[in-house]
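**Q** Contents of input-v1.cif (mmCIF, C-alpha atoms) are below:
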```cif
data_entry
loop_
_atom_site.group_PDB
_atom_site.id
_atom_site.type_symbol
_atom_site.label_atom_id
_atom_site.label_comp_id
_atom_site.auth_asym_id
_atom_site.auth_seq_id
_atom_site.Cartn_x
_atom_site.Cartn_y
_atom_site.Cartn_z
ATOM 1 C CA MET N 366 -2.281 2.332 -37.866
ATOM 2 C CA PRO N 367 -2.454 -0.075 -34.871
ATOM 3 C CA GLU N 368 -4.826 -2.998 -35.190
ATOM 4 C CA THR N 369 -8.048 -2.490 -33.250
ATOM 5 C CA ARG N 370 -10.961 -4.613 -32.227
ATOM 6 C CA GLU N 371 -14.383 -3.956 -33.685
ATOM 7 C CA ASN N 372 -15.263 -1.892 -30.579
ATOM 8 C CA GLY N 373 -12.187 0.318 -31.041
ATOM 9 C CA ALA N 374 -9.987 -1.069 -28.224
ATOM 10 C CA PRO N 375 -6.444 -1.141 -29.618
ATOM 11 C CA LEU N 376 -4.963 -4.633 -29.429
ATOM 12 C CA ALA N 377 -1.474 -3.221 -28.813
ATOM 13 C CA VAL N 378 -2.736 -1.424 -25.690
ATOM 14 C CA ILE N 379 -4.401 -4.584 -24.407
ATOM 15 C CA ALA N 380 -1.263 -6.628 -25.148
ATOM 16 C CA ALA N 381 1.038 -4.148 -23.389
ATOM 17 C CA SER N 382 -1.342 -3.865 -20.421
ATOM 18 C CA LEU N 383 -1.559 -7.628 -19.989
ATOM 19 C CA GLN N 384 2.220 -7.996 -20.155
ATOM 20 C CA ARG N 385 2.786 -5.123 -17.698
ATOM 21 C CA GLU N 386 0.234 -6.381 -15.175
ATOM 22 C CA ARG N 387 1.405 -9.975 -15.378
ATOM 23 C CA ARG N 388 5.000 -8.824 -14.717
ATOM 24 C CA ARG N 389 3.753 -6.710 -11.806
ATOM 25 C CA THR N 390 2.107 -9.734 -10.188
ATOM 26 C CA GLY N 391 5.047 -12.041 -10.905
ATOM 27 C CA LEU N 392 2.662 -14.715 -12.178
ATOM 28 C CA SER N 393 3.450 -17.028 -15.074
ATOM 29 C CA LEU N 394 1.437 -17.050 -18.283
ATOM 30 C CA ALA N 395 0.008 -20.448 -17.289
ATOM 31 C CA GLU N 396 -1.008 -19.257 -13.813
ATOM 32 C CA VAL N 397 -2.804 -16.117 -15.061
ATOM 33 C CA ALA N 398 -4.593 -18.188 -17.715
ATOM 34 C CA ARG N 399 -5.617 -20.759 -15.081
ATOM 35 C CA ARG N 400 -6.941 -18.078 -12.720
ATOM 36 C CA ALA N 401 -8.867 -16.404 -15.553
ATOM 37 C CA GLY N 402 -10.265 -19.726 -16.790
ATOM 38 C CA ILE N 403 -8.872 -19.306 -20.313
ATOM 39 C CA ALA N 404 -6.426 -21.305 -22.398
ATOM 40 C CA LYS N 405 -2.741 -20.448 -22.054
ATOM 41 C CA SER N 406 -2.570 -20.100 -25.866
ATOM 42 C CA THR N 407 -5.366 -17.494 -25.740
ATOM 43 C CA LEU N 408 -3.455 -15.401 -23.220
ATOM 44 C CA SER N 409 -0.267 -15.792 -25.252
ATOM 45 C CA GLN N 410 -2.078 -14.502 -28.356
ATOM 46 C CA LEU N 411 -3.521 -11.564 -26.414
ATOM 47 C CA GLU N 412 -0.110 -10.629 -25.029
ATOM 48 C CA SER N 413 1.353 -10.732 -28.540
ATOM 49 C CA GLY N 414 -1.430 -8.479 -29.852
ATOM 50 C CA THR N 415 -2.889 -11.080 -32.188
ATOM 51 C CA GLY N 416 -5.903 -12.254 -30.188
ATOM 52 C CA ASN N 417 -9.442 -10.912 -30.315
ATOM 53 C CA PRO N 418 -10.617 -10.828 -26.694
ATOM 54 C CA SER N 419 -14.240 -10.809 -25.684
ATOM 55 C CA VAL N 420 -15.434 -8.599 -22.844
ATOM 56 C CA GLU N 421 -15.820 -11.743 -20.735
ATOM 57 C CA THR N 422 -12.177 -12.718 -21.328
ATOM 58 C CA LEU N 423 -10.950 -9.234 -20.432
ATOM 59 C CA TRP N 424 -13.108 -9.192 -17.285
ATOM 60 C CA ALA N 425 -11.747 -12.569 -16.232
ATOM 61 C CA LEU N 426 -8.190 -11.352 -16.824
ATOM 62 C CA SER N 427 -8.772 -8.147 -14.872
ATOM 63 C CA VAL N 428 -10.015 -10.239 -11.921
ATOM 64 C CA ALA N 429 -7.085 -12.675 -12.227
ATOM 65 C CA LEU N 430 -4.617 -9.750 -12.300
ATOM 66 C CA ASP N 431 -6.494 -7.762 -9.623
ATOM 67 C CA VAL N 432 -6.795 -4.586 -11.708
ATOM 68 C CA PRO N 433 -9.753 -2.507 -12.886
ATOM 69 C CA PHE N 434 -11.093 -3.516 -16.307
ATOM 70 C CA ALA N 435 -10.263 -0.080 -17.759
ATOM 71 C CA GLN N 436 -6.606 -0.529 -16.839
ATOM 72 C CA LEU N 437 -6.357 -3.300 -19.430
ATOM 73 C CA VAL N 438 -7.994 -1.445 -22.309
ATOM 74 C CA GLU N 439 -6.989 2.209 -21.892
ATOM 75 C CA PRO N 440 -3.534 3.415 -22.852
ATOM 76 C CA SER N 441 -1.444 4.269 -19.816
ATOM 77 C CA ARG N 442 -0.872 7.970 -19.405
ATOM 78 C CA PRO N 443 2.113 9.557 -17.731
ATOM 79 C CA LYS N 444 1.222 10.676 -14.231
ATOM 80 C CA VAL N 445 2.306 14.239 -13.595
ATOM 81 C CA GLN N 446 2.148 15.651 -10.077
ATOM 82 C CA LEU N 447 2.707 19.339 -9.368
ATOM 83 C CA ILE N 448 3.120 20.850 -5.916
ATOM 84 C CA ARG N 449 3.691 24.582 -5.954
ATOM 85 C CA SER N 450 6.080 26.142 -3.470
ATOM 86 C CA GLY N 451 4.278 26.653 -0.158
ATOM 87 C CA GLU N 452 1.720 23.911 -0.877
ATOM 88 C CA GLY N 453 1.604 20.288 0.242
ATOM 89 C CA PRO N 454 1.260 18.671 3.658
ATOM 90 C CA THR N 455 3.796 20.082 6.119
ATOM 91 C CA PHE N 456 5.195 18.721 9.354
ATOM 92 C CA SER N 457 7.096 20.747 11.953
ATOM 93 C CA ALA N 458 9.708 19.523 14.398
ATOM 94 C CA GLU N 459 8.907 19.847 18.106
ATOM 95 C CA ARG N 460 12.277 21.201 19.244
ATOM 96 C CA ALA N 461 13.753 22.823 16.118
ATOM 97 C CA ASP N 462 12.676 25.455 13.608
ATOM 98 C CA TYR N 463 12.426 22.788 10.904
ATOM 99 C CA VAL N 464 9.539 22.211 8.499
ATOM 100 C CA ALA N 465 9.265 19.223 6.140
ATOM 101 C CA THR N 466 6.823 19.307 3.227
ATOM 102 C CA LEU N 467 5.956 15.917 1.741
ATOM 103 C CA LEU N 468 6.456 16.229 -2.007
ATOM 104 C CA SER N 469 6.019 12.598 -3.014
ATOM 105 C CA SER N 470 5.098 9.630 -0.878
ATOM 106 C CA SER N 471 6.332 6.224 -1.840
ATOM 107 C CA PRO N 472 4.137 4.499 -4.420
ATOM 108 C CA PRO N 473 3.311 0.823 -3.790
ATOM 109 C CA ASN N 474 6.108 -0.474 -6.038
ATOM 110 C CA ALA N 475 8.831 1.796 -4.603
ATOM 111 C CA ARG N 476 10.161 2.494 -1.164
ATOM 112 C CA ARG N 477 11.013 6.164 -0.890
ATOM 113 C CA ASP N 478 9.526 9.478 0.209
ATOM 114 C CA VAL N 479 10.570 12.941 -1.022
ATOM 115 C CA PHE N 480 10.488 16.017 1.232
ATOM 116 C CA GLN N 481 11.324 19.698 0.887
ATOM 117 C CA ILE N 482 13.028 20.964 4.046
ATOM 118 C CA VAL N 483 13.114 24.577 5.250
ATOM 119 C CA ALA N 484 15.032 25.166 8.473
ATOM 120 C CA GLN N 485 16.212 28.086 10.585
ATOM 121 C CA PRO N 486 19.355 28.413 12.713
ATOM 122 C CA GLY N 487 18.968 27.472 16.361
ATOM 123 C CA THR N 488 18.127 24.070 17.755
ATOM 124 C CA PRO N 489 19.211 21.330 15.327
ATOM 125 C CA ARG N 490 16.755 18.696 14.111
ATOM 126 C CA GLN N 491 18.006 15.544 15.853
ATOM 127 C CA SER N 492 16.518 12.403 14.276
ATOM 128 C CA ASP N 493 16.308 9.087 16.060
ATOM 129 C CA PRO N 494 17.171 6.022 13.965
ATOM 130 C CA HIS N 495 14.524 5.017 11.431
ATOM 131 C CA MET N 496 13.748 1.420 10.460
ATOM 132 C CA PRO N 497 16.722 -0.755 9.438
ATOM 133 C CA GLY N 498 17.975 -0.169 5.903
ATOM 134 C CA VAL N 499 16.771 3.428 5.511
ATOM 135 C CA VAL N 500 19.162 5.675 3.575
ATOM 136 C CA GLU N 501 18.662 9.444 3.421
ATOM 137 C CA HIS N 502 19.803 11.609 0.504
ATOM 138 C CA VAL N 503 19.968 15.402 0.914
ATOM 139 C CA VAL N 504 20.633 18.071 -1.721
ATOM 140 C CA LEU N 505 20.985 21.540 -0.219
ATOM 141 C CA SER N 506 19.366 24.182 -2.406
ATOM 142 C CA ARG N 507 19.760 27.342 -0.283
ATOM 143 C CA GLY N 508 21.779 28.424 2.754
ATOM 144 C CA ARG N 509 24.234 26.287 4.726
ATOM 145 C CA ALA N 510 23.657 23.367 7.073
ATOM 146 C CA LEU N 511 25.373 20.646 9.061
ATOM 147 C CA VAL N 512 23.852 17.375 7.844
ATOM 148 C CA GLY N 513 24.504 13.679 8.358
ATOM 149 C CA LEU N 514 25.373 11.372 11.201
ATOM 150 C CA THR N 515 24.969 13.017 14.616
ATOM 151 C CA GLU N 516 28.572 12.179 15.499
ATOM 152 C CA GLU N 517 30.033 13.430 12.183
ATOM 153 C CA PRO N 518 27.802 15.980 10.408
ATOM 154 C CA VAL N 519 29.141 17.604 7.242
ATOM 155 C CA GLU N 520 28.709 21.265 6.328
ATOM 156 C CA LEU N 521 26.777 21.622 3.069
ATOM 157 C CA GLY N 522 26.327 24.611 0.774
ATOM 158 C CA PRO N 523 23.953 25.122 -2.182
ATOM 159 C CA GLY N 524 24.161 22.251 -4.656
ATOM 160 C CA ASP N 525 25.971 19.910 -2.243
ATOM 161 C CA TYR N 526 24.695 16.337 -1.897
ATOM 162 C CA ILE N 527 25.111 13.897 0.994
ATOM 163 C CA SER N 528 23.852 10.368 1.570
ATOM 164 C CA TYR N 529 23.938 8.620 4.952
ATOM 165 C CA PRO N 530 22.290 5.745 6.806
ATOM 166 C CA GLY N 531 19.000 6.845 8.344
ATOM 167 C CA ASP N 532 18.896 3.892 10.708
ATOM 168 C CA VAL N 533 21.378 5.578 13.067
ATOM 169 C CA PRO N 534 21.023 8.963 14.855
ATOM 170 C CA HIS N 535 21.363 11.838 12.380
ATOM 171 C CA VAL N 536 21.035 15.604 12.321
ATOM 172 C CA PHE N 537 20.043 18.594 10.172
ATOM 173 C CA GLU N 538 21.251 21.919 11.580
ATOM 174 C CA ALA N 539 20.613 25.114 9.604
ATOM 175 C CA LEU N 540 23.496 27.572 9.757
ATOM 176 C CA GLU N 541 21.733 30.348 7.796
ATOM 177 C CA ALA N 542 18.173 31.692 7.764
ATOM 178 C CA ASP N 543 15.747 29.959 5.411
ATOM 179 C CA THR N 544 18.089 27.080 4.629
ATOM 180 C CA ALA N 545 16.330 24.779 2.143
ATOM 181 C CA ALA N 546 16.994 21.247 0.941
ATOM 182 C CA VAL N 547 15.385 18.276 -0.746
ATOM 183 C CA LEU N 548 15.490 15.077 1.333
ATOM 184 C CA VAL N 549 14.807 11.639 -0.134
ATOM 185 C CA SER N 550 14.232 8.906 2.433
ATOM 186 C CA GLU N 551 14.924 5.597 0.696
ATOM 187 C CA HIS N 552 13.811 2.323 2.242
ATOM 188 C CA VAL N 553 16.191 -0.301 0.857
#
```
How would this structure read if it were set down as structure tokens?

**A**
Amino acid sequence: MPETRENGAPLAVIAASLQRERRRTGLSLAEVARRAGIAKSTLSQLESGTGNPSVETLWALSVALDVPFAQLVEPSRPKVQLIRSGEGPTFSAERADYVATLLSSSPPNARRDVFQIVAQPGTPRQSDPHMPGVVEHVVLSRGRALVGLTEEPVELGPGDYISYPGDVPHVFEALEADTAAVLVSEHV
């Protein structure tokens, strides 16, 4: 059984939370202790799961780490996000029968967005260059499409994957009705 404080807060959870949040901020043990107004040895003990923090110490640490108090004392839970087919915010192209549904926007510590694409034959979706360093990844799930650099698109079928720089002109042209793909826009 994990060691707990008298109030029931598991020391292992507090230790893991302090370590995780200190790594996230990139601050040293000494700097977090200084900002929280506690001894470096106290923080070291808390991070090793052997300390016995008061509410005042935990509050000071939450302020020093810029996180809510509860984030230090509650076990982290996996975040599950579900978007059913046909749900989610959608965006249509002006000149092509092309609809992008945002499936996952980039969280603060990552630099990528995930979209589901549904496109119809006709006018291709011509994309202007995005910001420098953007790379797009496409997996075609249904239909056929010409995808990639505007000057050299590649024909894809179901299950095919392509990656290309998004900071140059690129294209997505459906060759069959209801062509569908997953597009990941990665900001490297």

**Q** Give the answer as one residue: which of N:Pro494, N:Gly513, N:Gly522, N:Pro375 has the shortest atom-to-atom distance to N:Val438, using only C-alpha atoms?

**A**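 Comparing N:Pro494, N:Gly513, N:Gly522, N:Pro375 against N:Val438, the winner is N:Pro375.
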
**Q** Could you work out how far atom CA of N:Glu551 lies from atom CA of N:Asp431, giving the answer in Å with one decimal?

**A**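 Separation of atom CA of N:Asp431 and atom CA of N:Glu551: 27.3 Å.
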
**Q** Evaluate the PyMOL selection byres ((chain N and resi 526) around 7) and record the selected residues as a PyMOL selection string, following the chain and residue labels used in the document.

**A** chain N and resi 503-505+524-525+527-528

**Q** To verify the selection step, state as a list in words which residues the PyMOL selection byres ((chain N and resi 548) around 6) yields on this input.

**A** Val479, Phe480, His502, Val503, Val547 and Val549 of chain N

**Q** If the PyMOL selection byres ((chain N and resi 428) around 12) is run on the structure shown, which residues does it catch, given as a list in words?

**A**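 Answer for the PyMOL selection byres ((chain N and resi 428) around 12): Leu383, Glu386, Arg387, Val397, Ala398, Arg399, Arg400, Ala401, Gly402, Glu421, Thr422, Leu423, Trp424, Ala425, Leu426, Ser427, Ala429, Leu430, Asp431, Val432, Pro433, Phe434, Ala435, Gln436 and Leu437 of chain N.
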
**Q** Env of N:Gly416: 10 Å cut, atoms = all atoms listed in the file, seq-sep filter 6 positions within chain, self excluded. Answer as an mmCIF file with C-alpha atoms, keeping the file's coordinate frame.

**A**
```cif
data_model
loop_
_atom_site.group_PDB
_atom_site.id
_atom_site.type_symbol
_atom_site.label_atom_id
_atom_site.label_comp_id
_atom_site.auth_asym_id
_atom_site.auth_seq_id
_atom_site.Cartn_x
_atom_site.Cartn_y
_atom_site.Cartn_z
ATOM 1 C CA ARG N 370 -10.961 -4.613 -32.227
ATOM 2 C CA LEU N 376 -4.963 -4.633 -29.429
ATOM 3 C CA ILE N 379 -4.401 -4.584 -24.407
ATOM 4 C CA ALA N 380 -1.263 -6.628 -25.148
ATOM 5 C CA SER N 406 -2.570 -20.100 -25.866
ATOM 6 C CA THR N 407 -5.366 -17.494 -25.740
ATOM 7 C CA LEU N 408 -3.455 -15.401 -23.220
ATOM 8 C CA SER N 409 -0.267 -15.792 -25.252
ATOM 9 C CA GLN N 410 -2.078 -14.502 -28.356
#
```

**Q** Rank nothing, just name the residue among N:Arg460, N:Arg507, N:Arg385, N:Arg476 nearest to N:Thr488, using only C-alpha atoms.

**A**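 Between N:Arg460, N:Arg507, N:Arg385, N:Arg476, the residue approaching N:Thr488 most closely is N:Arg460.
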
**Q** Between atom CA of N:Asp493 and atom CA of N:Pro534, what is the spacing in Å?

**A**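 Straight-line distance from atom CA of N:Pro534 to atom CA of N:Asp493 works out to 4.9 Å.
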
**Q** What does the distance between atom CA of N:Glu520 and atom CA of N:Ser469 come to in Å, to one decimal place?

**A**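 If I compute the distance from atom CA of N:Glu520 to atom CA of N:Ser469, I get 26.0 Å.
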
**Q** How close does each residue of stretch 426-517 of chain N get to stretch 535-539 of chain N, giving the shortest atom pair and distance in Å to one decimal for every residue with an atom at most 12 Å away, counting only C-alpha atoms, sorted by chain and residue number, as a tab-separated table?

**A**
```
residue	atom	partner	partner_atom	distance
N:Ala458	CA	N:Phe537	CA	11.2
N:Arg460	CA	N:Glu538	CA	11.8
N:Ala461	CA	N:Glu538	CA	8.8
N:Asp462	CA	N:Ala539	CA	8.9
N:Tyr463	CA	N:Ala539	CA	8.6
N:Val464	CA	N:Phe537	CA	11.2
N:Ala465	CA	N:Phe537	CA	11.5
N:Ile482	CA	N:Phe537	CA	9.6
N:Val483	CA	N:Ala539	CA	8.7
N:Ala484	CA	N:Ala539	CA	5.7
N:Gln485	CA	N:Ala539	CA	5.4
N:Pro486	CA	N:Ala539	CA	4.7
N:Gly487	CA	N:Ala539	CA	7.3
N:Thr488	CA	N:Glu538	CA	7.2
N:Pro489	CA	N:Glu538	CA	4.3
N:Arg490	CA	N:Phe537	CA	5.1
N:Gln491	CA	N:Val536	CA	4.7
N:Ser492	CA	N:His535	CA	5.2
N:Asp493	CA	N:His535	CA	6.8
N:Pro494	CA	N:His535	CA	7.3
N:His495	CA	N:His535	CA	9.7
N:Val499	CA	N:His535	CA	11.8
N:Val500	CA	N:His535	CA	11.0
N:Glu501	CA	N:His535	CA	9.7
N:His502	CA	N:Phe537	CA	11.9
N:Val503	CA	N:Phe537	CA	9.8
N:Val504	CA	N:Phe537	CA	11.9
N:Leu505	CA	N:Ala539	CA	10.5
N:Arg507	CA	N:Ala539	CA	10.2
N:Gly508	CA	N:Ala539	CA	7.7
N:Arg509	CA	N:Ala539	CA	6.2
N:Ala510	CA	N:Ala539	CA	4.3
N:Leu511	CA	N:Glu538	CA	5.0
N:Val512	CA	N:Phe537	CA	4.6
N:Gly513	CA	N:His535	CA	5.4
N:Leu514	CA	N:His535	CA	4.2
N:Thr515	CA	N:His535	CA	4.4
N:Glu516	CA	N:His535	CA	7.9
N:Glu517	CA	N:His535	CA	8.8
```

**Q** Smallest atom-to-atom distance to N:Arg388: which of N:Ser470, N:Glu412, N:Arg449, N:Asn417, using only C-alpha atoms?

**A**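 Checking each candidate against N:Arg388, we get N:Glu412 as the closest.
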
**Q** For stretch 422-439 of chain N, take all atoms listed in the file, fit an axis-aligned box around them, add 5 Å to each of the six sides, then output centre and edge lengths in Å rounded to one decimal, as JSON.

**A**
```
{"center_x": -8.9, "center_y": -5.3, "center_z": -16.0, "size_x": 18.5, "size_y": 24.9, "size_z": 22.7}
```

**Q** Given the choices N:Pro497, N:Pro418, N:Pro440, N:Gly391, which gets closest to N:Val378 if the distance is worked out from all atoms listed in the file?

**A**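 Of N:Pro497, N:Pro418, N:Pro440, N:Gly391, the one nearest N:Val378, counting all atoms listed in the file, is N:Pro440.
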
**Q** Within 7 Å of (4.5, -14.3, -20.6) in the file's own coordinates, which protein, DNA or RNA residues have an atom, counting all atoms listed in the file? List them as a ChimeraX atom specification.

**A** /N:384,393-394,409

**Q** In the coordinates of the file, take the point (11.0, 6.3, -0.3) and a cut-off of 6 Å; then, counting only C-alpha atoms, name each qualifying protein, DNA or RNA residue as a list in words.

**A**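 Result, sorted by chain then residue number: Ser471, Arg476, Arg477, Asp478, Ser550, Glu551 and His552 of chain N.
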